[in-house]
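A.B. asks: Sending over final16.pdb (PDB, C-alpha atoms).
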ATOM      1  CA  MET A   1       5.546  19.119  -2.050  1.00  0.00           C
ATOM      2  CA  ASP A   2       3.464  21.200   0.371  1.00  0.00           C
ATOM      3  CA  SER A   3       0.735  21.801  -2.136  1.00  0.00           C
ATOM      4  CA  LEU A   4      -2.439  23.527  -0.950  1.00  0.00           C
ATOM      5  CA  PRO A   5      -5.577  21.715  -1.953  1.00  0.00           C
ATOM      6  CA  GLY A   6      -6.245  22.861  -5.514  1.00  0.00           C
ATOM      7  CA  GLY A   7      -3.815  25.762  -5.205  1.00  0.00           C
ATOM      8  CA  LEU A   8      -0.160  26.559  -5.788  1.00  0.00           C
ATOM      9  CA  SER A   9       2.473  25.401  -3.359  1.00  0.00           C
ATOM     10  CA  GLY A  10       4.415  28.030  -1.464  1.00  0.00           C
ATOM     11  CA  ALA A  11       7.449  27.502  -3.662  1.00  0.00           C
ATOM     12  CA  GLN A  12       5.367  27.735  -6.823  1.00  0.00           C
ATOM     13  CA  LYS A  13       3.831  30.940  -5.615  1.00  0.00           C
ATOM     14  CA  ASP A  14       7.205  32.472  -4.818  1.00  0.00           C
ATOM     15  CA  GLU A  15       8.411  31.505  -8.240  1.00  0.00           C
ATOM     16  CA  LEU A  16       5.373  33.049  -9.877  1.00  0.00           C
ATOM     17  CA  MET A  17       5.823  36.295  -7.947  1.00  0.00           C
ATOM     18  CA  ASP A  18       9.479  36.451  -8.891  1.00  0.00           C
ATOM     19  CA  GLN A  19       8.602  35.921 -12.537  1.00  0.00           C
ATOM     20  CA  VAL A  20       5.993  38.668 -12.474  1.00  0.00           C
ATOM     21  CA  LYS A  21       8.433  41.070 -10.834  1.00  0.00           C
ATOM     22  CA  GLN A  22      11.124  40.246 -13.320  1.00  0.00           C
ATOM     23  CA  GLN A  23       8.868  40.668 -16.312  1.00  0.00           C
ATOM     24  CA  ILE A  24       7.749  44.059 -15.042  1.00  0.00           C
ATOM     25  CA  ALA A  25      11.360  45.113 -14.506  1.00  0.00           C
ATOM     26  CA  VAL A  26      12.271  44.038 -18.046  1.00  0.00           C
ATOM     27  CA  ALA A  27       9.304  45.907 -19.519  1.00  0.00           C
ATOM     28  CA  ASN A  28      10.282  48.999 -17.546  1.00  0.00           C
ATOM     29  CA  ALA A  29      13.876  48.841 -18.766  1.00  0.00           C
ATOM     30  CA  GLN A  30      12.710  48.364 -22.350  1.00  0.00           C
ATOM     31  CA  GLU A  31      10.471  51.400 -22.136  1.00  0.00           C
ATOM     32  CA  LEU A  32      13.319  53.490 -20.750  1.00  0.00           C
ATOM     33  CA  LEU A  33      15.639  52.243 -23.481  1.00  0.00           C
ATOM     34  CA  THR A  34      13.161  53.036 -26.250  1.00  0.00           C
ATOM     35  CA  LYS A  35      12.505  56.534 -24.952  1.00  0.00           C
ATOM     36  CA  MET A  36      16.177  57.263 -24.347  1.00  0.00           C
ATOM     37  CA  THR A  37      17.114  56.153 -27.849  1.00  0.00           C
ATOM     38  CA  GLU A  38      14.420  58.322 -29.386  1.00  0.00           C
ATOM     39  CA  LYS A  39      15.152  61.421 -27.293  1.00  0.00           C
ATOM     40  CA  CYS A  40      18.927  61.232 -27.534  1.00  0.00           C
ATOM     41  CA  PHE A  41      18.908  60.508 -31.248  1.00  0.00           C
ATOM     42  CA  LYS A  42      16.785  63.593 -31.686  1.00  0.00           C
ATOM     43  CA  LYS A  43      19.103  65.700 -29.506  1.00  0.00           C
ATOM     44  CA  CYS A  44      22.466  64.491 -30.691  1.00  0.00           C
ATOM     45  CA  ILE A  45      22.173  63.415 -34.310  1.00  0.00           C
ATOM     46  CA  THR A  46      21.157  66.507 -36.188  1.00  0.00           C
ATOM     47  CA  LYS A  47      22.524  65.340 -39.501  1.00  0.00           C
ATOM     48  CA  PRO A  48      23.056  61.582 -39.765  1.00  0.00           C
ATOM     49  CA  GLY A  49      26.470  61.031 -41.344  1.00  0.00           C
ATOM     50  CA  THR A  50      28.199  57.877 -42.584  1.00  0.00           C
ATOM     51  CA  SER A  51      29.167  56.916 -39.035  1.00  0.00           C
ATOM     52  CA  LEU A  52      28.634  58.057 -35.442  1.00  0.00           C
ATOM     53  CA  ASP A  53      31.500  60.460 -34.843  1.00  0.00           C
ATOM     54  CA  SER A  54      33.098  60.869 -31.444  1.00  0.00           C
ATOM     55  CA  SER A  55      31.279  64.085 -30.573  1.00  0.00           C
ATOM     56  CA  GLU A  56      27.969  62.405 -31.342  1.00  0.00           C
ATOM     57  CA  GLN A  57      28.923  59.442 -29.175  1.00  0.00           C
ATOM     58  CA  LYS A  58      29.880  61.768 -26.341  1.00  0.00           C
ATOM     59  CA  CYS A  59      26.604  63.618 -26.704  1.00  0.00           C
ATOM     60  CA  ILE A  60      24.660  60.345 -26.604  1.00  0.00           C
ATOM     61  CA  ALA A  61      26.446  59.236 -23.421  1.00  0.00           C
ATOM     62  CA  MET A  62      25.763  62.572 -21.738  1.00  0.00           C
ATOM     63  CA  CYS A  63      22.163  62.599 -22.929  1.00  0.00           C
ATOM     64  CA  MET A  64      21.569  59.118 -21.496  1.00  0.00           C
ATOM     65  CA  ASP A  65      22.881  60.183 -18.118  1.00  0.00           C
ATOM     66  CA  ARG A  66      20.762  63.322 -18.109  1.00  0.00           C
ATOM     67  CA  TYR A  67      17.675  61.426 -19.243  1.00  0.00           C
ATOM     68  CA  MET A  68      18.050  59.122 -16.260  1.00  0.00           C
ATOM     69  CA  ASP A  69      18.638  62.095 -13.928  1.00  0.00           C
ATOM     70  CA  SER A  70      15.486  63.635 -15.282  1.00  0.00           C
ATOM     71  CA  TRP A  71      13.569  60.363 -14.857  1.00  0.00           C
ATOM     72  CA  ASN A  72      14.611  60.138 -11.227  1.00  0.00           C
ATOM     73  CA  LEU A  73      13.709  63.755 -10.545  1.00  0.00           C
ATOM     74  CA  VAL A  74      10.301  63.328 -12.172  1.00  0.00           C
ATOM     75  CA  SER A  75       9.774  60.161 -10.146  1.00  0.00           C
ATOM     76  CA  ARG A  76      10.610  61.950  -6.891  1.00  0.00           C
ATOM     77  CA  THR A  77       8.390  64.909  -7.757  1.00  0.00           C
ATOM     78  CA  TYR A  78       5.474  62.681  -8.686  1.00  0.00           C
ATOM     79  CA  SER A  79       5.653  60.566  -5.538  1.00  0.00           C
ATOM     80  CA  GLN A  80       5.911  63.687  -3.360  1.00  0.00           C
ATOM     81  CA  ARG A  81       2.841  65.061  -5.072  1.00  0.00           C
ATOM     82  CA  LEU A  82       0.939  61.821  -4.572  1.00  0.00           C
ATOM     83  CA  GLN A  83       1.812  61.937  -0.902  1.00  0.00           C
ATOM     84  CA  ARG A  84       0.591  65.509  -0.600  1.00  0.00           C
ATOM     85  CA  GLU A  85      -2.653  64.716  -2.400  1.00  0.00           C
ATOM     86  CA  ARG A  86      -3.262  61.726  -0.154  1.00  0.00           C
ATOM     87  CA  HIS A  87      -2.666  63.956   2.844  1.00  0.00           C
ATOM     88  CA  ASN A  88      -5.300  66.417   1.671  1.00  0.00           C
ATOM     89  CA  MET A  89      -7.976  63.802   1.119  1.00  0.00           C
TER      90      MET A  89
ATOM     91  CA  MET B   1       1.594  20.053 -10.967  1.00  0.00           C
ATOM     92  CA  THR B   2      -1.549  22.072 -10.433  1.00  0.00           C
ATOM     93  CA  ASP B   3      -3.220  23.710 -13.358  1.00  0.00           C
ATOM     94  CA  PHE B   4      -2.860  27.472 -13.536  1.00  0.00           C
ATOM     95  CA  GLY B   5      -6.441  28.405 -14.267  1.00  0.00           C
ATOM     96  CA  ASP B   6      -7.536  26.106 -11.501  1.00  0.00           C
ATOM     97  CA  SER B   7      -5.774  27.969  -8.765  1.00  0.00           C
ATOM     98  CA  PHE B   8      -6.754  31.393 -10.041  1.00  0.00           C
ATOM     99  CA  GLY B   9     -10.423  30.492 -10.287  1.00  0.00           C
ATOM    100  CA  THR B  10     -10.774  29.835  -6.578  1.00  0.00           C
ATOM    101  CA  GLY B  11     -10.682  33.258  -5.007  1.00  0.00           C
ATOM    102  CA  ASP B  12     -11.669  32.150  -1.520  1.00  0.00           C
ATOM    103  CA  LYS B  13      -8.395  30.410  -0.770  1.00  0.00           C
ATOM    104  CA  ALA B  14      -5.933  32.176   1.501  1.00  0.00           C
ATOM    105  CA  GLY B  15      -3.059  31.610  -0.915  1.00  0.00           C
ATOM    106  CA  ASP B  16      -4.954  33.177  -3.775  1.00  0.00           C
ATOM    107  CA  LYS B  17      -5.733  36.206  -1.674  1.00  0.00           C
ATOM    108  CA  GLU B  18      -2.049  36.747  -1.113  1.00  0.00           C
ATOM    109  CA  LEU B  19      -1.434  36.447  -4.843  1.00  0.00           C
ATOM    110  CA  GLN B  20      -4.213  38.853  -5.626  1.00  0.00           C
ATOM    111  CA  GLU B  21      -2.817  41.400  -3.231  1.00  0.00           C
ATOM    112  CA  PHE B  22       0.624  40.945  -4.673  1.00  0.00           C
ATOM    113  CA  LEU B  23      -0.660  41.473  -8.199  1.00  0.00           C
ATOM    114  CA  MET B  24      -2.598  44.557  -7.175  1.00  0.00           C
ATOM    115  CA  VAL B  25       0.475  46.153  -5.634  1.00  0.00           C
ATOM    116  CA  GLU B  26       2.603  45.266  -8.655  1.00  0.00           C
ATOM    117  CA  LYS B  27      -0.027  46.687 -10.971  1.00  0.00           C
ATOM    118  CA  GLN B  28      -0.034  49.949  -9.038  1.00  0.00           C
ATOM    119  CA  LYS B  29       3.739  50.129  -9.189  1.00  0.00           C
ATOM    120  CA  ALA B  30       3.633  49.469 -12.934  1.00  0.00           C
ATOM    121  CA  GLN B  31       1.057  52.238 -13.412  1.00  0.00           C
ATOM    122  CA  PHE B  32       3.192  54.615 -11.383  1.00  0.00           C
ATOM    123  CA  ASN B  33       6.188  53.781 -13.548  1.00  0.00           C
ATOM    124  CA  ALA B  34       4.214  54.200 -16.758  1.00  0.00           C
ATOM    125  CA  GLN B  35       3.094  57.624 -15.560  1.00  0.00           C
ATOM    126  CA  ILE B  36       6.689  58.657 -14.901  1.00  0.00           C
ATOM    127  CA  HIS B  37       7.728  57.544 -18.381  1.00  0.00           C
ATOM    128  CA  GLU B  38       4.982  59.715 -19.798  1.00  0.00           C
ATOM    129  CA  PHE B  39       5.798  62.768 -17.648  1.00  0.00           C
ATOM    130  CA  ASN B  40       9.481  62.450 -18.348  1.00  0.00           C
ATOM    131  CA  ASP B  41       8.781  62.167 -22.069  1.00  0.00           C
ATOM    132  CA  PHE B  42       7.070  65.509 -22.479  1.00  0.00           C
ATOM    133  CA  CYS B  43       8.758  67.404 -19.623  1.00  0.00           C
ATOM    134  CA  TRP B  44      12.103  66.489 -21.179  1.00  0.00           C
ATOM    135  CA  GLU B  45      10.896  68.065 -24.429  1.00  0.00           C
ATOM    136  CA  LYS B  46       9.740  71.172 -22.597  1.00  0.00           C
ATOM    137  CA  CYS B  47      12.636  71.655 -20.211  1.00  0.00           C
ATOM    138  CA  VAL B  48      15.875  70.130 -21.440  1.00  0.00           C
ATOM    139  CA  ASP B  49      17.578  72.204 -24.044  1.00  0.00           C
ATOM    140  CA  LYS B  50      21.067  70.757 -24.239  1.00  0.00           C
ATOM    141  CA  ALA B  51      22.203  67.659 -22.399  1.00  0.00           C
ATOM    142  CA  GLY B  52      25.187  68.997 -20.457  1.00  0.00           C
ATOM    143  CA  SER B  53      27.434  67.430 -17.845  1.00  0.00           C
ATOM    144  CA  LYS B  54      24.628  67.733 -15.298  1.00  0.00           C
ATOM    145  CA  LEU B  55      21.069  68.984 -15.018  1.00  0.00           C
ATOM    146  CA  ASP B  56      21.348  72.645 -14.053  1.00  0.00           C
ATOM    147  CA  GLY B  57      19.142  74.255 -11.430  1.00  0.00           C
ATOM    148  CA  ARG B  58      16.897  75.940 -13.927  1.00  0.00           C
ATOM    149  CA  THR B  59      16.221  72.696 -15.753  1.00  0.00           C
ATOM    150  CA  GLU B  60      15.505  70.925 -12.470  1.00  0.00           C
ATOM    151  CA  THR B  61      13.025  73.605 -11.449  1.00  0.00           C
ATOM    152  CA  CYS B  62      11.397  73.405 -14.855  1.00  0.00           C
ATOM    153  CA  LEU B  63      11.047  69.613 -14.577  1.00  0.00           C
ATOM    154  CA  THR B  64       9.471  69.679 -11.113  1.00  0.00           C
ATOM    155  CA  ASN B  65       7.133  72.519 -12.125  1.00  0.00           C
ATOM    156  CA  CYS B  66       6.232  70.656 -15.291  1.00  0.00           C
ATOM    157  CA  VAL B  67       5.116  67.588 -13.332  1.00  0.00           C
ATOM    158  CA  ASP B  68       3.185  69.578 -10.720  1.00  0.00           C
ATOM    159  CA  ARG B  69       1.467  71.846 -13.232  1.00  0.00           C
ATOM    160  CA  PHE B  70       0.504  68.900 -15.395  1.00  0.00           C
ATOM    161  CA  ILE B  71      -1.208  67.299 -12.413  1.00  0.00           C
ATOM    162  CA  ASP B  72      -2.909  70.639 -11.608  1.00  0.00           C
ATOM    163  CA  VAL B  73      -4.233  70.838 -15.148  1.00  0.00           C
ATOM    164  CA  SER B  74      -5.381  67.239 -15.026  1.00  0.00           C
ATOM    165  CA  LEU B  75      -7.272  67.861 -11.764  1.00  0.00           C
ATOM    166  CA  LEU B  76      -8.742  71.127 -13.011  1.00  0.00           C
ATOM    167  CA  ILE B  77     -10.003  69.565 -16.210  1.00  0.00           C
ATOM    168  CA  THR B  78     -11.392  66.535 -14.403  1.00  0.00           C
ATOM    169  CA  ASN B  79     -13.303  68.716 -11.936  1.00  0.00           C
ATOM    170  CA  ARG B  80     -14.619  71.070 -14.574  1.00  0.00           C
ATOM    171  CA  PHE B  81     -15.622  68.169 -16.782  1.00  0.00           C
ATOM    172  CA  ALA B  82     -17.510  66.598 -13.874  1.00  0.00           C
ATOM    173  CA  GLN B  83     -19.306  69.912 -13.309  1.00  0.00           C
ATOM    174  CA  LEU B  84     -20.265  70.094 -16.965  1.00  0.00           C
ATOM    175  CA  LEU B  85     -21.636  66.585 -16.858  1.00  0.00           C
ATOM    176  CA  GLN B  86     -23.633  67.388 -13.767  1.00  0.00           C
ATOM    177  CA  LYS B  87     -25.063  70.535 -15.334  1.00  0.00           C
ATOM    178  CA  ASN B  88     -26.144  68.555 -18.364  1.00  0.00           C
ATOM    179  CA  ALA B  89     -27.734  65.902 -16.205  1.00  0.00           C
ATOM    180  CA  ASN B  90     -29.949  68.455 -14.423  1.00  0.00           C
TER     181      ASN B  90
END
Here is the file; what I need is its structure written in the form of structure tokens.

C.D. replies:
Amino acid sequence: MDSLPGGLSGAQKDELMDQVKQQIAVANAQELLTKMTEKCFKKCITKPGTSLDSSEQKCIAMCMDRYMDSWNLVSRTYSQRLQRERHNM
Amino acid sequence: MTDFGDSFGTGDKAGDKELQEFLMVEKQKAQFNAQIHEFNDFCWEKCVDKAGSKLDGRTETCLTNCVDRFIDVSLLITNRFAQLLQKNAN
């Protein structure tokens, strides 16, 4: 193995970086899932019945899609703003 | 196999520098993402009334304004707070 003296080998480092990236991606997806569940439950289930009826399921599906649209729009707006602020510094 | 703590303790090695840079960038990306989750959380509450088949123009405008105005408020408060601190220090 092409181990650096006292350090990680190139392959070990790549593996570590991949793991970090993956863990961050999982955490990000979990956060999105938690928020989406909370927001869409609130929007779609006004009176919890004995089962999820089809209109509630449709509402949940639509709400998920819109929540992700909104997330992407917010993301775009925020990065544009950051760029503008950096420009003004 | 090299010990983990071992390789992190030696900051002067070229390999560790690359790792440090990598971690810094990833941390910044994670902070950016966390901020978006937070913005989206309360701007959704403020702007999205009913989840329809698409986000309408008014909702989109509301969302972008919500993000920009929140940042304005954050900057305004930070600046004013700094001024207050300075006044108290004098």

A.B. asks: Can you give me, as a PyMOL selection string, the residues this file yields under the PyMOL selection byres ((chain A) within 6 of (chain B))?

C.D. replies: chain A and resi 7+63+71+75+77

A.B. asks: How many Å separate atom CA of A:Thr34 from atom CA of A:Asp18?

C.D. replies: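 One can read the atom CA of A:Thr34 to atom CA of A:Asp18 distance as 24.3 Å.
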
A.B. asks: Using only C-alpha atoms, which residues sit within 12 Å of A:Glu38 once same-chain residues fewer than 2 positions away are excluded, as a list in words?

C.D. replies: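 Within the cut-off, the hits are Glu31, Leu32, Leu33, Thr34, Lys35, Met36, Cys40, Phe41, Lys42, Lys43, Cys44, Ile45, Ile60, Cys63, Met64 and Tyr67 of chain A; Asp41, Trp44 and Glu45 of chain B.
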
A.B. asks: If you measure from atom CA of A:Asp14 to atom CA of A:Ala29, what distance in Å do you get, rounded to one decimal?

C.D. replies: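 Spanning atom CA of A:Asp14 to atom CA of A:Ala29 is a straight-line distance of 22.5 Å.
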
A.B. asks: Once 4 Å is added on each side, what are the centre and the three edge lengths, in Å to one decimal, of the axis-aligned box enclosing the listed atoms of stretch 81-85 of chain B? Present them as JSON.

C.D. replies:
{"center_x": -18.6, "center_y": 68.3, "center_z": -15.1, "size_x": 14.0, "size_y": 11.5, "size_z": 11.7}

A.B. asks: Kindly give the distance, in Å, that separates atom CA of A:Gln22 and atom CA of B:Glu21, rounded to a single decimal.

C.D. replies: 17.2 Å
